[in-house]
file data.cif (mmCIF, C-alpha atoms)
data_entry
#
loop_
_atom_site.label_atom_id
_atom_site.label_comp_id
_atom_site.auth_asym_id
_atom_site.auth_seq_id
_atom_site.Cartn_x
_atom_site.Cartn_y
_atom_site.Cartn_z
CA MET X 1 2.26 -19.17 14.54
CA GLU X 2 5.29 -17.64 16.26
CA TRP X 3 7.05 -14.59 14.84
CA TYR X 4 10.58 -13.34 15.30
CA PHE X 5 12.40 -10.14 14.42
CA SER X 6 14.35 -10.15 11.15
CA GLN X 7 15.61 -6.59 10.59
CA VAL X 8 14.70 -2.90 10.78
CA LYS X 9 15.38 -0.07 8.34
CA GLY X 10 15.54 3.64 9.13
CA THR X 11 17.19 5.71 11.84
CA MET X 12 16.27 4.89 15.44
CA GLU X 13 16.25 8.51 16.63
CA ASP X 14 13.23 9.98 18.41
CA ASP X 15 13.34 13.23 16.48
CA VAL X 16 11.93 12.31 13.06
CA ALA X 17 11.48 14.74 10.17
CA GLU X 18 7.97 14.83 8.69
CA ALA X 19 9.37 14.06 5.23
CA ASP X 20 10.86 10.74 6.46
CA ILE X 21 7.53 9.25 7.62
CA ILE X 22 6.64 6.19 5.53
CA SER X 23 3.32 6.57 3.69
CA CYS X 24 3.05 3.28 1.72
CA VAL X 25 4.62 -0.20 1.51
CA GLU X 26 4.37 -2.62 -1.42
CA PHE X 27 6.06 -5.95 -2.31
CA SER X 28 6.77 -6.80 -5.95
CA GLU X 29 5.01 -9.81 -7.48
CA ASP X 30 7.81 -12.27 -6.57
CA GLY X 31 8.65 -10.56 -3.28
CA ASP X 32 12.30 -9.97 -4.17
CA LEU X 33 11.78 -6.21 -4.14
CA LEU X 34 9.93 -4.02 -1.67
CA ALA X 35 9.08 -0.38 -2.36
CA THR X 36 8.25 2.25 0.24
CA GLY X 37 7.08 5.81 -0.32
CA ASP X 38 7.34 8.64 2.19
CA LYS X 39 5.86 12.06 2.87
CA GLY X 40 8.90 13.70 1.27
CA GLY X 41 8.00 12.27 -2.15
CA ARG X 42 10.83 9.71 -2.16
CA VAL X 43 10.62 6.07 -3.18
CA VAL X 44 13.06 3.63 -1.58
CA ILE X 45 13.37 0.15 -3.08
CA PHE X 46 14.82 -2.71 -1.06
CA GLN X 47 16.18 -5.88 -2.65
CA ARG X 48 16.32 -9.26 -0.99
CA ASP X 49 19.75 -10.73 -0.21
CA ARG X 50 19.53 -14.50 -0.36
CA GLN X 51 22.36 -15.88 1.72
CA SER X 52 23.63 -19.44 2.01
CA ASN X 53 21.71 -19.82 5.27
CA SER X 54 18.14 -20.27 4.00
CA HIS X 55 16.66 -19.07 7.30
CA LYS X 56 18.35 -15.68 7.05
CA CYS X 57 17.19 -13.49 4.22
CA GLU X 58 17.50 -9.74 4.53
CA TYR X 59 16.61 -6.74 2.43
CA SER X 60 19.09 -4.01 1.56
CA VAL X 61 18.63 -0.68 -0.22
CA TYR X 62 18.55 -1.23 -3.99
CA SER X 63 17.57 2.22 -5.23
CA THR X 64 16.35 5.56 -3.89
CA PHE X 65 14.87 8.31 -6.02
CA GLN X 66 12.71 11.42 -5.76
CA SER X 67 9.37 10.48 -7.29
CA HIS X 68 7.33 13.66 -6.70
CA GLU X 69 8.08 17.29 -5.87
CA PRO X 70 5.79 19.77 -4.09
CA GLU X 71 3.66 21.73 -6.56
CA PHE X 72 1.26 24.65 -6.47
CA ASP X 73 -2.08 24.87 -8.25
CA TYR X 74 -2.28 28.55 -9.19
CA LEU X 75 -5.89 28.34 -10.40
CA LYS X 76 -7.14 27.03 -7.06
CA SER X 77 -4.39 28.49 -4.86
CA LEU X 78 -3.68 25.06 -3.41
CA GLU X 79 -0.42 23.40 -2.47
CA ILE X 80 -0.01 19.86 -3.81
CA GLU X 81 1.96 17.71 -1.39
CA GLU X 82 4.79 15.51 -2.60
CA LYS X 83 3.66 12.68 -0.29
CA ILE X 84 3.47 9.27 -2.01
CA ASN X 85 -0.07 7.92 -1.50
CA LYS X 86 0.25 4.56 -3.30
CA ILE X 87 2.79 2.40 -5.10
CA ARG X 88 1.86 -0.49 -7.42
CA TRP X 89 4.28 -2.84 -9.19
CA LEU X 90 3.75 -4.07 -12.73
CA LYS X 91 4.52 -7.67 -13.64
CA ARG X 92 8.05 -8.10 -14.85
CA LYS X 93 8.45 -8.62 -18.62
CA ASN X 94 12.16 -7.93 -19.12
CA PRO X 95 15.27 -7.35 -16.97
CA SER X 96 13.90 -3.97 -15.84
CA HIS X 97 11.26 -3.37 -13.19
CA PHE X 98 8.30 -0.99 -13.56
CA LEU X 99 6.14 0.62 -10.89
CA LEU X 100 3.43 3.26 -10.59
CA SER X 101 3.62 5.89 -7.86
CA THR X 102 1.15 8.66 -7.12
CA ASN X 103 0.70 11.70 -4.93
CA ASP X 104 -2.58 13.61 -4.63
CA LYS X 105 -2.74 14.63 -8.29
CA THR X 106 -0.07 13.04 -10.49
CA ILE X 107 0.71 9.40 -11.31
CA LYS X 108 4.12 8.41 -12.67
CA LEU X 109 5.38 5.23 -14.33
CA TRP X 110 8.95 4.49 -13.30
CA LYS X 111 11.48 2.16 -14.90
CA ILE X 112 14.15 0.72 -12.60
CA SER X 113 17.02 -0.85 -14.49
CA GLU X 114 20.63 -1.93 -13.96
CA ARG X 115 23.58 -0.76 -16.02
CA SER X 116 26.78 -2.80 -15.74
CA LYS X 117 28.66 -1.55 -18.81
CA ARG X 118 30.07 1.78 -19.90
CA VAL X 119 31.12 3.09 -23.29
CA GLU X 120 34.80 3.85 -23.94
CA GLY X 121 36.70 5.05 -26.98
CA TYR X 122 34.78 8.14 -28.07
CA ASN X 123 36.31 10.19 -30.87
CA THR X 124 34.94 13.55 -29.73
CA LYS X 125 34.41 13.03 -25.98
CA ASP X 126 36.62 12.33 -23.01
CA GLU X 127 35.99 9.71 -20.29
CA LEU X 128 33.61 12.07 -18.47
CA GLY X 129 31.52 12.62 -21.60
CA ASN X 130 32.72 16.17 -22.20
CA VAL X 131 33.16 17.27 -25.82
CA VAL X 132 36.84 17.61 -26.74
CA PRO X 133 37.68 20.12 -29.52
CA ARG X 134 39.46 18.45 -32.42
CA GLU X 135 42.90 19.76 -33.39
CA GLY X 136 44.15 19.19 -36.91
CA PRO X 137 42.89 16.69 -39.49
CA VAL X 138 41.37 13.35 -38.50
CA SER X 139 43.95 10.63 -39.07
CA ALA X 140 42.02 7.70 -37.59
CA LEU X 141 38.61 6.86 -36.18
CA ARG X 142 38.08 4.77 -33.08
CA VAL X 143 35.10 2.48 -32.66
CA PRO X 144 33.56 2.97 -29.20
CA THR X 145 33.37 -0.24 -27.16
CA PHE X 146 31.45 -1.43 -24.10
CA LYS X 147 33.54 -2.15 -21.01
CA PRO X 148 32.35 -3.86 -17.79
CA SER X 149 31.78 -1.50 -14.87
CA ASP X 150 30.21 -1.46 -11.42
CA VAL X 151 26.45 -2.06 -11.44
CA VAL X 152 24.49 1.19 -11.38
CA VAL X 153 20.75 1.16 -10.65
CA GLU X 154 18.90 3.84 -12.58
CA ALA X 155 15.32 5.06 -12.06
CA SER X 156 13.75 7.00 -14.93
CA VAL X 157 10.24 8.35 -15.54
CA ARG X 158 8.65 6.71 -18.59
CA ARG X 159 5.17 8.20 -18.35
CA THR X 160 3.44 10.97 -16.37
CA PHE X 161 -0.34 10.84 -15.98
CA SER X 162 -1.73 14.15 -14.74
CA ASN X 163 -4.57 16.69 -14.91
CA ALA X 164 -7.35 14.10 -14.63
CA HIS X 165 -8.40 14.40 -10.98
CA THR X 166 -10.13 17.32 -9.32
CA TYR X 167 -9.90 15.67 -5.91
CA HIS X 168 -7.09 13.83 -4.16
CA ILE X 169 -6.13 10.42 -5.55
CA ASN X 170 -6.63 7.70 -2.92
CA SER X 171 -6.10 4.53 -5.00
CA ILE X 172 -4.36 3.16 -8.05
CA SER X 173 -4.67 -0.43 -9.28
CA VAL X 174 -3.06 -2.23 -12.23
CA ASN X 175 -5.35 -4.37 -14.36
CA SER X 176 -4.60 -8.06 -14.91
CA ASP X 177 -4.07 -7.33 -18.62
CA GLN X 178 -1.01 -5.25 -17.59
CA GLU X 179 -2.02 -2.64 -20.17
CA THR X 180 -4.45 -0.48 -18.21
CA PHE X 181 -4.82 0.80 -14.67
CA LEU X 182 -7.38 2.76 -12.68
CA SER X 183 -7.01 5.76 -10.43
CA ALA X 184 -9.65 6.86 -7.93
CA ASP X 185 -10.35 10.06 -6.03
CA ASP X 186 -13.24 10.99 -3.73
CA LEU X 187 -15.85 11.19 -6.49
CA ARG X 188 -14.47 9.67 -9.69
CA ILE X 189 -12.59 6.65 -11.01
CA ASN X 190 -10.58 6.96 -14.23
CA LEU X 191 -9.26 4.23 -16.53
CA TRP X 192 -5.85 4.80 -18.14
CA HIS X 193 -3.76 3.01 -20.75
CA LEU X 194 -0.12 2.73 -19.77
CA GLU X 195 0.99 4.03 -23.17
CA ILE X 196 -1.36 7.04 -23.30
CA THR X 197 -0.79 9.95 -20.92
CA ASP X 198 -3.06 12.67 -22.33
CA GLN X 199 -6.34 10.74 -22.21
CA SER X 200 -8.24 8.74 -19.61
CA PHE X 201 -11.78 7.39 -19.48
CA ASN X 202 -14.09 8.24 -16.62
CA ILE X 203 -15.72 4.92 -15.59
CA VAL X 204 -17.32 5.97 -12.28
CA ASP X 205 -18.67 9.41 -11.39
CA ILE X 206 -20.72 9.81 -8.21
CA LYS X 207 -20.58 13.60 -8.09
CA PRO X 208 -24.14 14.93 -7.70
CA ALA X 209 -25.38 17.95 -9.65
CA ASN X 210 -25.76 19.74 -6.32
CA MET X 211 -22.82 19.13 -3.97
CA GLU X 212 -25.11 19.68 -0.98
CA GLU X 213 -26.72 16.34 -1.87
CA LEU X 214 -23.41 14.49 -1.53
CA THR X 215 -23.85 11.64 0.98
CA GLU X 216 -20.78 9.46 0.43
CA VAL X 217 -17.34 9.43 -1.20
CA ILE X 218 -15.10 6.79 -2.78
CA THR X 219 -12.45 5.57 -0.33
CA ALA X 220 -10.64 2.77 -2.23
CA ALA X 221 -10.72 0.96 -5.58
CA GLU X 222 -9.15 -2.26 -6.81
CA PHE X 223 -9.10 -4.34 -10.01
CA HIS X 224 -9.92 -8.05 -9.84
CA PRO X 225 -6.62 -10.02 -9.97
CA TRP X 226 -7.83 -12.35 -12.76
CA HIS X 227 -10.80 -10.83 -14.59
CA CYS X 228 -9.78 -7.65 -16.41
CA HIS X 229 -13.38 -6.41 -16.73
CA LEU X 230 -14.17 -6.47 -13.00
CA PHE X 231 -13.25 -3.92 -10.36
CA VAL X 232 -14.57 -2.92 -6.95
CA TYR X 233 -14.73 0.32 -5.04
CA SER X 234 -15.69 1.11 -1.46
CA SER X 235 -17.45 4.08 0.05
CA SER X 236 -17.42 6.11 3.25
CA LYS X 237 -20.73 4.45 4.18
CA GLY X 238 -19.12 1.01 4.42
CA SER X 239 -20.55 -0.41 1.20
CA ILE X 240 -18.61 -2.13 -1.61
CA ARG X 241 -19.73 -1.97 -5.23
CA VAL X 242 -18.66 -4.54 -7.81
CA CYS X 243 -18.60 -3.13 -11.35
CA ASP X 244 -18.42 -4.93 -14.69
CA MET X 245 -16.99 -2.89 -17.57
CA ARG X 246 -18.69 -5.21 -20.08
CA GLN X 247 -22.10 -3.84 -19.14
CA LYS X 248 -21.52 -0.25 -20.25
CA ALA X 249 -18.81 2.37 -20.50
CA LEU X 250 -19.88 4.37 -17.43
CA CYS X 251 -20.17 2.02 -14.45
CA ASP X 252 -22.42 4.23 -12.34
CA GLN X 253 -24.79 1.28 -12.01
CA HIS X 254 -22.98 -1.45 -10.09
CA ALA X 255 -23.26 -5.16 -10.88
CA LYS X 256 -23.33 -6.14 -7.20
CA LEU X 257 -23.59 -4.34 -3.89
CA LEU X 258 -21.91 -5.72 -0.76
CA GLU X 259 -22.92 -4.12 2.51
CA GLU X 260 -23.75 -5.05 6.07
CA PRO X 261 -27.30 -4.32 7.26
CA GLU X 262 -27.20 -1.58 9.87
CA ASP X 263 -28.40 -2.30 13.39
CA PRO X 264 -30.70 0.63 14.32
CA ASN X 265 -30.06 0.02 18.04
CA ALA X 266 -26.29 0.38 17.62
CA ARG X 267 -26.44 3.64 15.67
CA SER X 268 -24.54 6.60 17.14
CA PHE X 269 -22.88 9.85 16.12
CA PHE X 270 -19.75 7.90 15.13
CA SER X 271 -21.46 5.08 13.19
CA GLU X 272 -20.82 6.46 9.73
CA ILE X 273 -17.24 7.52 10.51
CA ILE X 274 -16.16 4.13 11.84
CA SER X 275 -17.94 2.23 9.05
CA SER X 276 -15.95 4.03 6.33
CA ILE X 277 -13.75 1.50 4.49
CA SER X 278 -10.09 2.50 4.30
CA ASP X 279 -8.65 -0.43 2.30
CA LEU X 280 -9.69 -3.28 -0.02
CA LYS X 281 -7.75 -6.38 -1.04
CA PHE X 282 -8.69 -9.38 -3.21
CA SER X 283 -7.44 -12.80 -2.13
CA HIS X 284 -4.60 -14.31 -4.21
CA GLY X 285 -5.49 -17.88 -5.19
CA ALA X 286 -7.22 -18.70 -8.48
CA GLU X 287 -9.91 -20.69 -6.69
CA SER X 288 -10.49 -18.20 -3.90
CA THR X 289 -10.47 -14.91 -5.77
CA GLN X 290 -14.15 -14.58 -4.97
CA TYR X 291 -13.12 -13.29 -1.55
CA LEU X 292 -12.52 -9.67 -0.69
CA LEU X 293 -10.97 -8.24 2.46
CA SER X 294 -11.96 -4.79 3.71
CA ARG X 295 -10.77 -2.71 6.64
CA ASP X 296 -12.87 -0.14 8.45
CA TYR X 297 -11.90 1.67 11.65
CA LEU X 298 -12.67 -1.10 14.13
CA THR X 299 -12.87 -4.32 12.11
CA LEU X 300 -11.67 -6.45 9.23
CA LYS X 301 -14.45 -7.93 7.11
CA LEU X 302 -14.29 -10.85 4.70
CA TRP X 303 -16.75 -10.77 1.79
CA ASP X 304 -17.80 -13.42 -0.72
CA LEU X 305 -18.56 -11.88 -4.11
CA ARG X 306 -21.09 -14.64 -4.75
CA MET X 307 -23.13 -13.70 -1.66
CA GLU X 308 -24.85 -10.41 -2.35
CA ASN X 309 -27.20 -8.85 0.23
CA GLN X 310 -26.01 -11.23 2.95
CA GLY X 311 -23.34 -9.18 4.66
CA PRO X 312 -19.74 -10.25 5.30
CA VAL X 313 -18.78 -13.91 5.63
CA SER X 314 -16.57 -13.16 8.64
CA THR X 315 -15.84 -10.16 10.84
CA PHE X 316 -12.59 -9.85 12.77
CA PRO X 317 -12.57 -7.18 15.53
CA VAL X 318 -9.21 -5.37 15.49
CA HIS X 319 -9.48 -3.15 18.57
CA ASP X 320 -12.95 -3.42 20.11
CA TYR X 321 -11.62 -1.90 23.32
CA LEU X 322 -11.64 1.50 21.57
CA GLN X 323 -15.46 1.53 21.41
CA THR X 324 -15.56 3.49 24.66
CA LYS X 325 -12.89 5.95 23.51
CA LEU X 326 -14.46 7.17 20.26
CA CYS X 327 -15.06 10.66 21.70
CA THR X 328 -11.37 11.06 22.52
CA LEU X 329 -10.35 9.62 19.16
CA TYR X 330 -12.69 12.05 17.40
CA GLU X 331 -11.25 15.02 19.25
CA ASN X 332 -7.65 14.14 18.36
CA ASP X 333 -8.64 13.18 14.75
CA CYS X 334 -7.38 9.61 15.16
CA ILE X 335 -10.83 8.31 14.24
CA PHE X 336 -10.07 9.38 10.65
CA ASP X 337 -6.88 7.25 10.42
CA LYS X 338 -6.83 4.96 7.39
CA PHE X 339 -5.45 1.50 8.21
CA GLU X 340 -4.42 -0.93 5.46
CA CYS X 341 -4.87 -4.71 5.35
CA SER X 342 -3.01 -7.61 3.70
CA TRP X 343 -3.48 -11.28 2.84
CA SER X 344 -0.83 -13.93 3.34
CA GLY X 345 0.34 -15.68 0.17
CA ASP X 346 -1.84 -18.73 0.86
CA ASP X 347 -4.85 -16.57 1.89
CA ARG X 348 -5.01 -18.23 5.29
CA TYR X 349 -3.81 -15.27 7.37
CA ILE X 350 -4.73 -11.60 7.29
CA LEU X 351 -2.71 -8.68 8.65
CA THR X 352 -3.61 -5.17 9.74
CA GLY X 353 -2.35 -2.47 12.07
CA SER X 354 -3.52 -0.75 15.25
CA TYR X 355 -2.33 1.82 17.78
CA ASN X 356 0.63 1.70 20.17
CA ASN X 357 2.60 0.20 17.24
CA PHE X 358 0.52 -2.96 17.59
CA PHE X 359 -0.35 -5.08 14.57
CA ARG X 360 -2.84 -7.95 14.40
CA ILE X 361 -2.62 -11.28 12.56
CA PHE X 362 -5.76 -13.42 12.20
CA ASP X 363 -5.93 -17.09 11.21
CA ARG X 364 -9.02 -17.65 9.05
CA LYS X 365 -9.02 -21.44 9.60
CA THR X 366 -8.67 -21.65 13.38
CA ARG X 367 -10.14 -18.18 14.12
CA LYS X 368 -7.14 -17.56 16.37
CA ASP X 369 -5.44 -14.18 16.43
CA ILE X 370 -2.30 -12.60 17.82
CA THR X 371 -1.30 -9.05 18.71
CA LEU X 372 2.37 -8.11 18.23
CA GLU X 373 4.31 -4.88 18.70
CA ALA X 374 6.76 -3.24 16.30
CA SER X 375 9.16 -1.95 18.92
CA ARG X 376 12.70 -0.63 18.80
CA GLU X 377 13.37 -2.56 22.01
CA ASN X 378 12.79 -5.90 20.26
CA THR X 379 15.45 -5.71 17.58
CA LYS X 380 17.85 -8.49 18.55
CA PRO X 381 18.56 -10.93 15.70
CA ARG X 382 15.91 -13.67 15.53
CA GLN X 383 14.31 -12.42 18.75
CA LEU X 384 10.95 -14.06 19.35
CA LEU X 385 8.09 -11.58 19.58
CA ARG X 386 6.03 -11.79 22.74
CA PRO X 387 2.26 -11.55 22.15
CA ARG X 388 0.72 -8.42 23.60
CA LYS X 389 -2.70 -8.18 25.22
CA VAL X 390 -4.94 -5.23 25.95
CA CYS X 391 -7.06 -5.38 29.09
CA THR X 392 -10.78 -5.46 28.26
CA THR X 393 -12.07 -5.95 31.81
CA ASN X 394 -11.73 -4.11 35.11
CA ARG X 395 -9.13 -6.58 36.36
CA LYS X 396 -5.82 -6.02 34.61
CA LYS X 397 -3.42 -8.94 34.49
CA LYS X 398 0.34 -8.59 34.81
CA ASP X 399 1.21 -8.77 31.09
CA GLU X 400 -1.75 -6.74 29.87
CA ILE X 401 -1.80 -3.08 28.90
CA SER X 402 -4.69 -0.80 29.74
CA PRO X 403 -6.50 1.00 26.86
CA ASP X 404 -5.84 4.23 28.79
CA ASN X 405 -2.09 3.69 28.38
CA LEU X 406 -2.13 3.20 24.59
CA ASP X 407 -0.08 5.72 22.62
CA PHE X 408 -2.29 6.94 19.78
CA THR X 409 0.59 8.80 18.14
CA LYS X 410 2.24 5.44 17.42
CA LYS X 411 0.22 3.62 14.79
CA ILE X 412 0.75 0.93 12.16
CA LEU X 413 -1.13 2.28 9.14
CA HIS X 414 0.93 0.60 6.41
CA SER X 415 2.00 -3.03 6.21
CA ALA X 416 2.55 -5.71 3.57
CA TRP X 417 2.79 -9.51 3.46
CA HIS X 418 5.32 -11.28 1.21
CA PRO X 419 3.43 -12.88 -1.72
CA SER X 420 4.73 -16.41 -1.12
CA GLU X 421 6.35 -16.57 2.34
CA ASN X 422 5.41 -15.77 5.92
CA LEU X 423 7.43 -12.58 5.94
CA ILE X 424 5.83 -9.24 6.74
CA ALA X 425 6.96 -5.64 6.47
CA VAL X 426 5.49 -3.16 8.96
CA ALA X 427 5.95 0.62 8.77
CA ALA X 428 6.15 2.52 12.07
CA VAL X 429 6.76 6.26 11.52
CA ASN X 430 10.14 6.28 9.69
CA ASN X 431 11.12 2.69 10.51
CA LEU X 432 10.40 -0.39 8.42
CA PHE X 433 10.34 -3.59 10.47
CA PHE X 434 10.66 -7.05 8.93
CA TYR X 435 9.33 -10.11 10.77
CA GLN X 436 9.40 -13.79 9.85
CA SER X 437 7.40 -16.70 11.21
CA LYS X 438 9.05 -19.81 12.60
CA GLU X 439 7.17 -21.84 9.99
CA SER X 440 8.74 -19.97 7.05
#
call {"tool": "encode", "arguments": {"input": "data.cif", "output": "structure tokens"}}
result
Amino acid sequence: MEWYFSQVKGTMEDDVAEADIISCVEFSEDGDLLATGDKGGRVVIFQRDRQSNSHKCEYSVYSTFQSHEPEFDYLKSLEIEEKINKIRWLKRKNPSHFLLSTNDKTIKLWKISERSKRVEGYNTKDELGNVVPREGPVSALRVPTFKPSDVVVEASVRRTFSNAHTYHINSISVNSDQETFLSADDLRINLWHLEITDQSFNIVDIKPANMEELTEVITAAEFHPWHCHLFVYSSSKGSIRVCDMRQKALCDQHAKLLEEPEDPNARSFFSEIISSISDLKFSHGAESTQYLLSRDYLTLKLWDLRMENQGPVSTFPVHDYLQTKLCTLYENDCIFDKFECSWSGDDRYILTGSYNNFFRIFDRKTRKDITLEASRENTKPRQLLRPRKVCTTNRKKKDEISPDNLDFTKKILHSAWHPSENLIAVAAVNNLFFYQSKES
């Protein structure tokens, strides 16, 4: 599959403010909207412009709003960042759109709606809405009327879910019933109802009585896309637990455990760090929703929920050439980076990011893969992306790049695949790159 550049959003300056760095990317269910969150607590929504030329479809800014503000926990003397950790869309039920956004402590339900009419003909207000004092007796009453106006996109908070997490929220996931959602932090997972803000149910709690006995933490959690009683969560030890809420209210005892047997000969100081799972995604299709994709530091793993105690079905190495550089990556804290992963709409391809602004696409059928670069130099309209290769031997070829020359400050942590087309969105610092395949 060949990919070409579609468009890029964000300023192309080298000096980037910390608040402008993109922290999450999420397509809506139909792919017509794309939401991004940043470290400044803002949510920017892009809408697709479908032009007469079917090959050219671009996204333009639809709405921008401040989702979270910095806060301070006076009891614990801790600052709460405004950074948006996750965004999740709800299925559309009316002309408005709804999404959940969260920072470390507070989840908000936002309504995004369009207003194309304004009220005219007030008796006690002027055109700006200011109250006008009445002079003399009322001789006639006017009936206010709706008049067409320019379309205004409004974002309003409908619900705020707070005070339920002691630790930082790392995941939110909307249930298939579209009535409940879960939120996960390092040690607990809570179940919320979208209409109830002052009460949540704790469904997983792995906090030991003595914190010195703590051996692992929760890193990600996700509801099953079809079965509202099933959800999964991953741990820092590289294991995935499948939980069934029909068994009992507190899902401390998992229904299934998915993990890869550890090779004692390959164990090192970094083994547990690089095995920590940073992201989980269920496949889309009704027939193939038994598959689960996970991303750890060095690999993508494909799991079959029907095959317990047998390890992953497939393992896709993302950047094996970093095996020899784990000491350096540990010293500069890059080894703790949390990369996300995505499925294509037909579940054939999987996408994830790497360093040097590289991102990887794997074909599950042919086992072929490609490495591409989100670069400001490759931003000509419909410019074909040239595959990049990293040298893994002592003899470096002309078009290859040495692992020593990789820029670890440039990294693709957040990316998303359009739910029905071969169109991907890749976040690189403050820029959002869109790429399309020649087959789409």
call {"tool": "closest_atom_pairs", "arguments": {"input": "data.cif", "of": "segment 105-194 of chain X", "to": "segment 209-219 of chain X", "cutoff": "7 Å", "atoms": "only C-alpha atoms", "output": "tab-separated table"}}
result
residue	atom	partner	partner_atom	distance
X:Asn170	CA	X:Thr219	CA	6.7
X:Asp185	CA	X:Ile218	CA	6.6
X:Asp186	CA	X:Ile218	CA	4.7
X:Leu187	CA	X:Val217	CA	5.8
call {"tool": "write_last_selection", "arguments": {"input": "data.cif", "atoms": "C-alpha atoms", "output": "PDB file, in the coordinates of the input"}}
result
ATOM      1  CA  ASN X 170      -6.630   7.700  -2.920  1.00  0.00           C
ATOM      2  CA  ASP X 185     -10.350  10.060  -6.030  1.00  0.00           C
ATOM      3  CA  ASP X 186     -13.240  10.990  -3.730  1.00  0.00           C
ATOM      4  CA  LEU X 187     -15.850  11.190  -6.490  1.00  0.00           C
TER       5      LEU X 187
END
call {"tool": "closest_residue", "arguments": {"input": "data.cif", "among": "X:Phe72, X:Phe98, X:Phe65, X:Trp3", "to": "Leu33 of chain X", "atoms": "all atoms listed in the file"}}
result
X:Phe98
call {"tool": "residues_around", "arguments": {"input": "data.cif", "residues": "Leu406 of chain X", "least_positions_apart": "3", "cutoff": "10 Å", "atoms": "all atoms listed in the file", "output": "list in words"}}
result
Tyr355, Asn356, Asn357, Phe358, Val390, Ile401, Ser402, Pro403, Thr409 and Lys410 of chain X
call {"tool": "residues_around", "arguments": {"input": "data.cif", "residues": "Trp89 of chain X", "least_positions_apart": "4", "cutoff": "7 Å", "atoms": "only C-alpha atoms", "output": "compact mmCIF listing (two decimals) with C-alpha atoms, in the coordinates of the input"}}
result
# COMPACT_ATOMS: atom_id res chain seq x y z
CA SER X 28 6.77 -6.80 -5.95
CA PHE X 98 8.30 -0.99 -13.56
CA LEU X 99 6.14 0.62 -10.89
CA LEU X 100 3.43 3.26 -10.59
call {"tool": "closest_residue", "arguments": {"input": "data.cif", "among": "X:Lys411, X:Phe433, X:Val426, X:Asn309", "to": "Asn378 of chain X", "atoms": "all atoms listed in the file"}}
result
X:Phe433
call {"tool": "closest_atom_pairs", "arguments": {"input": "data.cif", "of": "segment 36-143 of chain X", "to": "segment 428-431 of chain X", "cutoff": "12 Å", "atoms": "all atoms listed in the file", "output": "tab-separated table"}}
result
residue	atom	partner	partner_atom	distance
X:Thr36	CA	X:Asn430	CA	10.4
X:Gly37	CA	X:Asn430	CA	10.5
X:Asp38	CA	X:Asn430	CA	8.3
X:Lys39	CA	X:Asn430	CA	9.9
X:Gly40	CA	X:Asn430	CA	11.3
X:Val44	CA	X:Asn430	CA	11.9
call {"tool": "resolve_selection", "arguments": {"input": "data.cif", "expression": "the PyMOL selection byres ((chain X and resi 206) around 7)", "output": "ChimeraX atom specification"}}
result
/X:187-188,204-205,207-208
call {"tool": "resolve_selection", "arguments": {"input": "data.cif", "expression": "the PyMOL selection byres ((chain X and resi 4-12) around 6)", "output": "PyMOL selection string"}}
result
chain X and resi 3+13+382-385+431-436
call {"tool": "resolve_selection", "arguments": {"input": "data.cif", "expression": "the PyMOL selection byres ((chain X and resi 273) around 9)", "output": "PyMOL selection string"}}
result
chain X and resi 236-237+269-272+274-276+297+335-336
call {"tool": "closest_residue", "arguments": {"input": "data.cif", "among": "X:Val157, X:Ala221, X:Cys341, X:Leu351", "to": "Ile169 of chain X", "atoms": "all atoms listed in the file"}}
result
X:Ala221
